[in-house]
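Have a look at query05.tsv; it's TSV, N, CA and C atoms:
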```tsv
chain	number	residue	atom	x	y	z
T	29	MET	N	-83.60	-38.29	13.63
T	29	MET	CA	-82.98	-37.01	13.89
T	29	MET	C	-84.04	-35.92	13.95
T	30	ASN	N	-83.78	-34.93	14.76
T	30	ASN	CA	-84.70	-33.81	14.90
T	30	ASN	C	-84.16	-32.61	14.15
T	31	GLU	N	-85.07	-31.78	13.68
T	31	GLU	CA	-84.68	-30.54	13.04
T	31	GLU	C	-85.24	-29.38	13.83
T	32	ILE	N	-84.52	-28.28	13.83
T	32	ILE	CA	-84.94	-27.09	14.54
T	32	ILE	C	-84.62	-25.88	13.67
T	33	THR	N	-85.47	-24.86	13.73
T	33	THR	CA	-85.24	-23.64	12.97
T	33	THR	C	-84.98	-22.50	13.94
T	34	ILE	N	-83.86	-21.81	13.76
T	34	ILE	CA	-83.49	-20.66	14.58
T	34	ILE	C	-83.18	-19.51	13.63
T	35	ASP	N	-83.90	-18.42	13.80
T	35	ASP	CA	-83.72	-17.24	12.95
T	35	ASP	C	-83.76	-17.60	11.46
T	36	GLY	N	-84.68	-18.46	11.09
T	36	GLY	CA	-84.87	-18.82	9.70
T	36	GLY	C	-83.88	-19.84	9.15
T	37	ILE	N	-82.95	-20.31	9.98
T	37	ILE	CA	-81.97	-21.30	9.53
T	37	ILE	C	-82.32	-22.64	10.13
T	38	GLU	N	-82.40	-23.66	9.27
T	38	GLU	CA	-82.72	-25.00	9.75
T	38	GLU	C	-81.45	-25.73	10.18
T	39	TYR	N	-81.53	-26.36	11.34
T	39	TYR	CA	-80.42	-27.15	11.87
T	39	TYR	C	-80.91	-28.56	12.12
T	40	THR	N	-80.06	-29.53	11.84
T	40	THR	CA	-80.37	-30.91	12.13
T	40	THR	C	-79.66	-31.29	13.43
T	41	LEU	N	-80.42	-31.78	14.37
T	41	LEU	CA	-79.86	-32.19	15.66
T	41	LEU	C	-79.57	-33.69	15.61
T	42	THR	N	-78.36	-34.03	15.95
T	42	THR	CA	-78.00	-35.44	15.99
T	42	THR	C	-77.73	-35.84	17.44
T	43	PRO	N	-78.05	-37.06	17.79
T	43	PRO	CA	-77.82	-37.48	19.17
T	43	PRO	C	-76.32	-37.48	19.50
T	44	LYS	N	-76.00	-37.19	20.73
T	44	LYS	CA	-74.62	-37.19	21.18
T	44	LYS	C	-74.08	-38.61	21.10
T	45	GLN	N	-72.90	-38.73	20.50
T	45	GLN	CA	-72.27	-40.04	20.36
T	45	GLN	C	-71.51	-40.40	21.64
T	46	THR	N	-71.70	-41.59	22.10
T	46	THR	CA	-70.95	-42.08	23.25
T	46	THR	C	-69.64	-42.66	22.74
T	47	PRO	N	-68.49	-42.16	23.25
T	47	PRO	CA	-67.22	-42.70	22.75
T	47	PRO	C	-67.08	-44.19	23.08
T	48	ILE	N	-66.50	-44.91	22.15
T	48	ILE	CA	-66.26	-46.33	22.36
T	48	ILE	C	-64.92	-46.47	23.08
T	49	VAL	N	-64.91	-47.19	24.18
T	49	VAL	CA	-63.70	-47.37	24.98
T	49	VAL	C	-63.14	-48.76	24.72
T	50	TYR	N	-61.82	-48.83	24.54
T	50	TYR	CA	-61.16	-50.09	24.23
T	50	TYR	C	-60.19	-50.47	25.33
T	51	ASN	N	-59.91	-51.78	25.43
T	51	ASN	CA	-58.94	-52.25	26.42
T	51	ASN	C	-57.90	-53.18	25.80
T	52	ASP	N	-57.70	-53.07	24.49
T	52	ASP	CA	-56.73	-53.93	23.81
T	52	ASP	C	-55.53	-53.13	23.28
T	53	TRP	N	-55.11	-52.14	24.06
T	53	TRP	CA	-53.99	-51.29	23.68
T	53	TRP	C	-52.66	-52.00	23.89
T	54	LYS	N	-51.65	-51.58	23.14
T	54	LYS	CA	-50.29	-52.12	23.30
T	54	LYS	C	-49.30	-51.01	23.01
T	55	LEU	N	-48.07	-51.22	23.41
T	55	LEU	CA	-46.98	-50.32	23.06
T	55	LEU	C	-46.66	-50.59	21.59
T	56	PRO	N	-46.58	-49.57	20.75
T	56	PRO	CA	-46.37	-49.81	19.32
T	56	PRO	C	-44.96	-50.31	19.00
T	57	SER	N	-44.85	-51.09	17.93
T	57	SER	CA	-43.53	-51.45	17.42
T	57	SER	C	-42.90	-50.18	16.83
T	58	ILE	N	-41.62	-50.23	16.54
T	58	ILE	CA	-40.96	-49.06	15.95
T	58	ILE	C	-41.58	-48.75	14.59
T	59	LYS	N	-41.95	-49.78	13.82
T	59	LYS	CA	-42.58	-49.55	12.51
T	59	LYS	C	-43.93	-48.86	12.67
T	60	GLU	N	-44.71	-49.29	13.65
T	60	GLU	CA	-46.01	-48.64	13.89
T	60	GLU	C	-45.83	-47.20	14.33
T	61	LEU	N	-44.88	-46.95	15.24
T	61	LEU	CA	-44.66	-45.61	15.74
T	61	LEU	C	-44.21	-44.67	14.63
T	62	LEU	N	-43.43	-45.17	13.70
T	62	LEU	CA	-42.95	-44.34	12.59
T	62	LEU	C	-44.07	-43.93	11.63
T	63	THR	N	-45.22	-44.58	11.68
T	63	THR	CA	-46.34	-44.16	10.82
T	63	THR	C	-46.89	-42.81	11.26
T	64	LEU	N	-46.55	-42.35	12.46
T	64	LEU	CA	-47.02	-41.05	12.94
T	64	LEU	C	-46.11	-39.89	12.55
T	65	VAL	N	-44.95	-40.18	11.98
T	65	VAL	CA	-43.99	-39.12	11.66
T	65	VAL	C	-44.41	-38.36	10.41
T	66	ASP	N	-44.36	-37.04	10.50
T	66	ASP	CA	-44.57	-36.15	9.36
T	66	ASP	C	-43.26	-35.42	9.12
T	67	TYR	N	-42.50	-35.84	8.13
T	67	TYR	CA	-41.18	-35.29	7.88
T	67	TYR	C	-41.21	-33.89	7.27
T	68	THR	N	-42.41	-33.36	7.00
T	68	THR	CA	-42.50	-32.00	6.48
T	68	THR	C	-42.59	-30.96	7.59
T	69	LYS	N	-42.65	-31.41	8.84
T	69	LYS	CA	-42.79	-30.50	9.97
T	69	LYS	C	-41.48	-30.37	10.73
T	70	ILE	N	-41.30	-29.23	11.37
T	70	ILE	CA	-40.14	-28.96	12.22
T	70	ILE	C	-40.63	-28.76	13.64
T	71	ASN	N	-39.95	-29.34	14.62
T	71	ASN	CA	-40.23	-29.19	16.05
T	71	ASN	C	-41.52	-29.84	16.51
T	72	SER	N	-42.22	-30.50	15.66
T	72	SER	CA	-43.40	-31.27	16.04
T	72	SER	C	-43.73	-32.20	14.88
T	73	ALA	N	-42.88	-33.17	14.67
T	73	ALA	CA	-42.94	-34.02	13.48
T	73	ALA	C	-43.92	-35.18	13.63
T	74	SER	N	-45.16	-34.87	13.96
T	74	SER	CA	-46.18	-35.91	14.10
T	74	SER	C	-47.43	-35.50	13.37
T	75	ILE	N	-48.14	-36.49	12.83
T	75	ILE	CA	-49.41	-36.20	12.19
T	75	ILE	C	-50.52	-35.97	13.22
T	76	LEU	N	-50.27	-36.33	14.48
T	76	LEU	CA	-51.25	-36.10	15.55
T	76	LEU	C	-50.84	-34.86	16.34
T	77	THR	N	-51.77	-33.96	16.55
T	77	THR	CA	-51.44	-32.66	17.11
T	77	THR	C	-51.03	-32.67	18.57
T	78	ASP	N	-51.44	-33.66	19.34
T	78	ASP	CA	-51.08	-33.64	20.77
T	78	ASP	C	-49.80	-34.42	21.08
T	79	THR	N	-49.03	-34.77	20.05
T	79	THR	CA	-47.76	-35.45	20.27
T	79	THR	C	-46.70	-34.39	20.55
T	80	SER	N	-46.15	-34.41	21.74
T	80	SER	CA	-45.14	-33.42	22.09
T	80	SER	C	-43.82	-33.73	21.39
T	81	PRO	N	-42.98	-32.73	21.14
T	81	PRO	CA	-41.71	-32.97	20.44
T	81	PRO	C	-40.66	-33.59	21.35
T	82	ASN	N	-40.94	-34.79	21.83
T	82	ASN	CA	-40.08	-35.51	22.75
T	82	ASN	C	-39.89	-36.94	22.27
T	83	TYR	N	-39.14	-37.72	23.06
T	83	TYR	CA	-38.92	-39.13	22.75
T	83	TYR	C	-40.12	-39.97	23.20
T	84	TYR	N	-40.46	-40.97	22.39
T	84	TYR	CA	-41.54	-41.91	22.68
T	84	TYR	C	-41.02	-43.33	22.54
T	85	TRP	N	-41.43	-44.20	23.47
T	85	TRP	CA	-41.02	-45.60	23.44
T	85	TRP	C	-41.73	-46.37	22.34
T	86	SER	N	-41.04	-47.38	21.82
T	86	SER	CA	-41.67	-48.43	21.03
T	86	SER	C	-41.49	-49.73	21.82
T	87	SER	N	-42.15	-50.77	21.37
T	87	SER	CA	-41.99	-52.08	22.02
T	87	SER	C	-40.78	-52.84	21.49
T	88	THR	N	-40.11	-52.29	20.49
T	88	THR	CA	-39.03	-52.99	19.80
T	88	THR	C	-37.71	-52.88	20.55
T	89	THR	N	-37.21	-54.02	21.00
T	89	THR	CA	-35.92	-54.08	21.69
T	89	THR	C	-34.80	-53.95	20.66
T	90	TYR	N	-33.76	-53.24	21.04
T	90	TYR	CA	-32.57	-53.10	20.20
T	90	TYR	C	-31.85	-54.45	20.18
T	91	ALA	N	-31.61	-55.00	19.01
T	91	ALA	CA	-31.09	-56.37	18.88
T	91	ALA	C	-29.70	-56.54	19.49
T	92	TYR	N	-28.83	-55.56	19.36
T	92	TYR	CA	-27.46	-55.71	19.82
T	92	TYR	C	-27.34	-55.57	21.33
T	93	TYR	N	-28.06	-54.62	21.90
T	93	TYR	CA	-28.08	-54.42	23.36
T	93	TYR	C	-29.52	-54.59	23.83
T	94	THR	N	-29.84	-55.74	24.39
T	94	THR	CA	-31.23	-56.04	24.72
T	94	THR	C	-31.77	-55.25	25.91
T	95	ASN	N	-30.90	-54.52	26.60
T	95	ASN	CA	-31.40	-53.65	27.67
T	95	ASN	C	-31.73	-52.26	27.12
T	96	TYR	N	-31.75	-52.12	25.78
T	96	TYR	CA	-32.15	-50.89	25.09
T	96	TYR	C	-33.36	-51.18	24.22
T	97	ALA	N	-34.16	-50.15	23.96
T	97	ALA	CA	-35.31	-50.27	23.06
T	97	ALA	C	-35.35	-49.05	22.14
T	98	TRP	N	-35.96	-49.24	20.97
T	98	TRP	CA	-36.07	-48.18	19.98
T	98	TRP	C	-37.17	-47.20	20.35
T	99	GLY	N	-37.01	-45.98	19.90
T	99	GLY	CA	-38.02	-44.96	20.08
T	99	GLY	C	-37.94	-43.94	18.96
T	100	VAL	N	-38.90	-43.02	18.96
T	100	VAL	CA	-38.94	-41.94	17.97
T	100	VAL	C	-38.88	-40.61	18.71
T	101	TYR	N	-38.07	-39.71	18.16
T	101	TYR	CA	-37.97	-38.35	18.69
T	101	TYR	C	-38.85	-37.47	17.81
T	102	PHE	N	-40.00	-37.05	18.33
T	102	PHE	CA	-40.97	-36.33	17.54
T	102	PHE	C	-40.67	-34.85	17.38
T	103	SER	N	-39.47	-34.42	17.72
T	103	SER	CA	-39.06	-33.08	17.34
T	103	SER	C	-38.68	-33.06	15.87
T	104	ASN	N	-37.98	-34.13	15.44
T	104	ASN	CA	-37.53	-34.17	14.04
T	104	ASN	C	-37.87	-35.49	13.34
T	105	GLY	N	-38.50	-36.42	14.01
T	105	GLY	CA	-38.88	-37.69	13.41
T	105	GLY	C	-37.78	-38.73	13.38
T	106	GLY	N	-36.67	-38.46	14.05
T	106	GLY	CA	-35.57	-39.41	14.07
T	106	GLY	C	-35.82	-40.57	15.01
T	107	THR	N	-35.11	-41.68	14.75
T	107	THR	CA	-35.18	-42.84	15.64
T	107	THR	C	-33.91	-42.91	16.46
T	108	ASP	N	-34.03	-43.54	17.61
T	108	ASP	CA	-32.90	-43.69	18.51
T	108	ASP	C	-33.23	-44.83	19.46
T	109	TYR	N	-32.21	-45.48	19.97
T	109	TYR	CA	-32.44	-46.48	21.00
T	109	TYR	C	-31.97	-45.90	22.33
T	110	GLY	N	-32.68	-46.27	23.38
T	110	GLY	CA	-32.35	-45.77	24.70
T	110	GLY	C	-32.41	-46.88	25.72
T	111	ASN	N	-31.69	-46.69	26.82
T	111	ASN	CA	-31.70	-47.66	27.90
T	111	ASN	C	-33.12	-47.78	28.43
T	112	LYS	N	-33.58	-49.00	28.62
T	112	LYS	CA	-34.95	-49.24	29.06
T	112	LYS	C	-35.25	-48.68	30.44
T	113	THR	N	-34.21	-48.31	31.19
T	113	THR	CA	-34.43	-47.70	32.51
T	113	THR	C	-34.66	-46.20	32.39
T	114	GLY	N	-34.42	-45.63	31.21
T	114	GLY	CA	-34.64	-44.20	30.99
T	114	GLY	C	-36.12	-43.89	30.87
T	115	SER	N	-36.43	-42.62	30.77
T	115	SER	CA	-37.83	-42.17	30.72
T	115	SER	C	-38.16	-41.57	29.35
T	116	ARG	N	-39.29	-41.98	28.83
T	116	ARG	CA	-39.83	-41.46	27.58
T	116	ARG	C	-41.34	-41.43	27.67
T	117	TYR	N	-41.95	-40.71	26.75
T	117	TYR	CA	-43.41	-40.68	26.69
T	117	TYR	C	-43.94	-41.93	26.00
T	118	VAL	N	-45.25	-42.12	26.08
T	118	VAL	CA	-45.90	-43.30	25.52
T	118	VAL	C	-47.16	-42.88	24.79
T	119	ARG	N	-47.36	-43.45	23.63
T	119	ARG	CA	-48.64	-43.36	22.92
T	119	ARG	C	-48.96	-44.79	22.51
T	120	CYS	N	-50.09	-45.30	22.96
T	120	CYS	CA	-50.45	-46.69	22.72
T	120	CYS	C	-51.20	-46.82	21.39
T	121	VAL	N	-51.23	-48.04	20.88
T	121	VAL	CA	-51.86	-48.32	19.60
T	121	VAL	C	-52.71	-49.57	19.72
T	122	ARG	N	-53.69	-49.68	18.85
T	122	ARG	CA	-54.51	-50.88	18.73
T	122	ARG	C	-54.83	-51.09	17.27
T	123	ASP	N	-55.12	-52.32	16.91
T	123	ASP	CA	-55.52	-52.63	15.53
T	123	ASP	C	-57.01	-52.39	15.41
T	124	GLY	N	-57.38	-51.36	14.65
T	124	GLY	CA	-58.78	-51.04	14.44
T	124	GLY	C	-59.29	-51.61	13.14
T	125	LEU	N	-60.56	-51.41	12.87
T	125	LEU	CA	-61.17	-51.92	11.64
T	125	LEU	C	-60.58	-51.26	10.40
T	126	ASN	N	-60.18	-49.99	10.53
T	126	ASN	CA	-59.65	-49.26	9.38
T	126	ASN	C	-58.17	-48.95	9.52
T	127	GLY	N	-57.44	-49.77	10.22
T	127	GLY	CA	-56.01	-49.54	10.41
T	127	GLY	C	-55.69	-49.26	11.86
T	128	LEU	N	-54.52	-48.68	12.10
T	128	LEU	CA	-54.06	-48.41	13.45
T	128	LEU	C	-54.86	-47.29	14.09
T	129	GLU	N	-55.20	-47.46	15.35
T	129	GLU	CA	-55.88	-46.43	16.13
T	129	GLU	C	-54.99	-46.10	17.32
T	130	TRP	N	-54.91	-44.81	17.66
T	130	TRP	CA	-53.95	-44.33	18.65
T	130	TRP	C	-54.63	-43.74	19.87
T	131	SER	N	-54.01	-43.96	21.02
T	131	SER	CA	-54.48	-43.34	22.26
T	131	SER	C	-53.87	-41.95	22.34
T	132	ALA	N	-54.30	-41.20	23.33
T	132	ALA	CA	-53.65	-39.92	23.62
T	132	ALA	C	-52.27	-40.20	24.20
T	133	THR	N	-51.42	-39.19	24.20
T	133	THR	CA	-50.09	-39.30	24.77
T	133	THR	C	-50.18	-39.45	26.28
T	134	SER	N	-49.30	-40.23	26.87
T	134	SER	CA	-49.24	-40.36	28.33
T	134	SER	C	-48.94	-38.98	28.92
T	135	SER	N	-49.42	-38.73	30.11
T	135	SER	CA	-49.22	-37.43	30.73
T	135	SER	C	-47.82	-37.27	31.32
T	136	THR	N	-47.14	-38.38	31.54
T	136	THR	CA	-45.79	-38.34	32.10
T	136	THR	C	-44.89	-39.31	31.34
T	137	GLU	N	-43.59	-39.11	31.50
T	137	GLU	CA	-42.62	-40.04	30.96
T	137	GLU	C	-42.49	-41.23	31.89
T	138	MET	N	-42.08	-42.36	31.34
T	138	MET	CA	-41.91	-43.56	32.17
T	138	MET	C	-40.83	-44.44	31.54
T	139	ASN	N	-40.30	-45.37	32.33
T	139	ASN	CA	-39.32	-46.31	31.77
T	139	ASN	C	-40.05	-47.34	30.91
T	140	TRP	N	-39.26	-48.14	30.20
T	140	TRP	CA	-39.81	-49.06	29.21
T	140	TRP	C	-40.71	-50.12	29.84
T	141	LYS	N	-40.29	-50.69	30.96
T	141	LYS	CA	-41.10	-51.72	31.63
T	141	LYS	C	-42.43	-51.13	32.08
T	142	ASP	N	-42.40	-49.94	32.65
T	142	ASP	CA	-43.65	-49.29	33.06
T	142	ASP	C	-44.51	-48.94	31.86
T	143	ALA	N	-43.88	-48.60	30.72
T	143	ALA	CA	-44.62	-48.29	29.50
T	143	ALA	C	-45.37	-49.52	28.99
T	144	LEU	N	-44.72	-50.68	29.01
T	144	LEU	CA	-45.40	-51.92	28.62
T	144	LEU	C	-46.58	-52.21	29.54
T	145	ASN	N	-46.37	-52.03	30.83
T	145	ASN	CA	-47.43	-52.25	31.81
T	145	ASN	C	-48.57	-51.26	31.63
T	146	TYR	N	-48.23	-50.00	31.41
T	146	TYR	CA	-49.22	-48.94	31.17
T	146	TYR	C	-50.10	-49.31	29.98
T	147	ALA	N	-49.47	-49.73	28.88
T	147	ALA	CA	-50.22	-50.08	27.67
T	147	ALA	C	-51.15	-51.27	27.90
T	148	SER	N	-50.67	-52.27	28.63
T	148	SER	CA	-51.47	-53.48	28.85
T	148	SER	C	-52.68	-53.23	29.74
T	149	LYS	N	-52.63	-52.17	30.54
T	149	LYS	CA	-53.73	-51.88	31.47
T	149	LYS	C	-54.59	-50.70	31.02
T	150	LEU	N	-54.23	-50.08	29.88
T	150	LEU	CA	-54.95	-48.89	29.43
T	150	LEU	C	-56.36	-49.23	29.00
T	151	VAL	N	-57.30	-48.45	29.46
T	151	VAL	CA	-58.69	-48.52	29.00
T	151	VAL	C	-59.01	-47.10	28.60
T	152	ALA	N	-59.15	-46.87	27.28
T	152	ALA	CA	-59.30	-45.50	26.81
T	152	ALA	C	-60.05	-45.47	25.48
T	153	PRO	N	-60.63	-44.31	25.16
T	153	PRO	CA	-61.24	-44.16	23.83
T	153	PRO	C	-60.15	-43.95	22.78
T	154	VAL	N	-60.50	-44.15	21.55
T	154	VAL	CA	-59.59	-43.90	20.44
T	154	VAL	C	-59.35	-42.42	20.32
T	155	TYR	N	-58.10	-42.03	20.11
T	155	TYR	CA	-57.76	-40.63	19.90
T	155	TYR	C	-58.18	-40.23	18.50
T	156	ALA	N	-58.91	-39.12	18.40
T	156	ALA	CA	-59.38	-38.66	17.09
T	156	ALA	C	-58.62	-37.45	16.64
```
Output the file's structure as structure tokens, nothing else.
Amino acid sequence: MNEITIDGIEYTLTPKQTPIVYNDWKLPSIKELLTLVDYTKINSASILTDTSPNYYWSSTTYAYYTNYAWGVYFSNGGTDYGNKTGSRYVRCVRDGLNGLEWSATSSTEMNWKDALNYASKLVAPVYA
């Protein structure tokens, strides 16, 4: 590391970190998606700041009606099942060394089948 002094203050310069890009993303299960809920918040019940207060898909199919899947509504942290042909946002997950790692939120809503496909083809850095 290099050090530099500006106006009598010493600064340590560190090399720019290259983000690590992963390609093992998946659509989260309902249990994984619920780990993002912060029940102390109103209108944005997520621990991640870029999660919009909307519905997000999980990979978990509703057992009684298999053409429905579970999701989380990040306005209030509630769960709901929706028809897989409907549109919801997506945030992908991967198993990291220190637990779950999350991608950024998808820029558009998509149906469940497209969400699964989106997750399987995602190549992205870990969301920090």
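For T:Ser103, the residues within 6 Å (counting only N, CA and C atoms, excluding itself and residues fewer than 3 positions away along the chain) are Ile70, Asn71, Ser72, Ala73, Ser80, Pro81 and Asn82 of chain T.
Between T:Ile58 and the residues T:Ser86, T:Thr40, T:Ser131, T:Thr136, the shortest atom-to-atom distance, using only C-alpha atoms, involves T:Ser86.
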- request: Check the DSSP output for the backbone and give back, as a ChimeraX atom specification, the residues of chain T in alpha helix (DSSP H).
  value: /T:58-62,140-149
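Comparing the minimum interatomic distances between T:Trp98 and each of T:Val49, T:Leu55, T:Val121, T:Ile34, counting only C-alpha atoms, we find that T:Leu55 sits nearest.
Take atom CA of T:Glu137 and atom CA of T:Leu150: the distance between them is 15.3 Å.
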- prompt: At what distance in Å, to one decimal, does atom CA of T:Asn111 lie from atom N of T:Tyr96?
  reply: 4.9 Å
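Atom to atom, atom CA of T:Trp130 and atom CA of T:Trp85 stand 13.8 Å apart.
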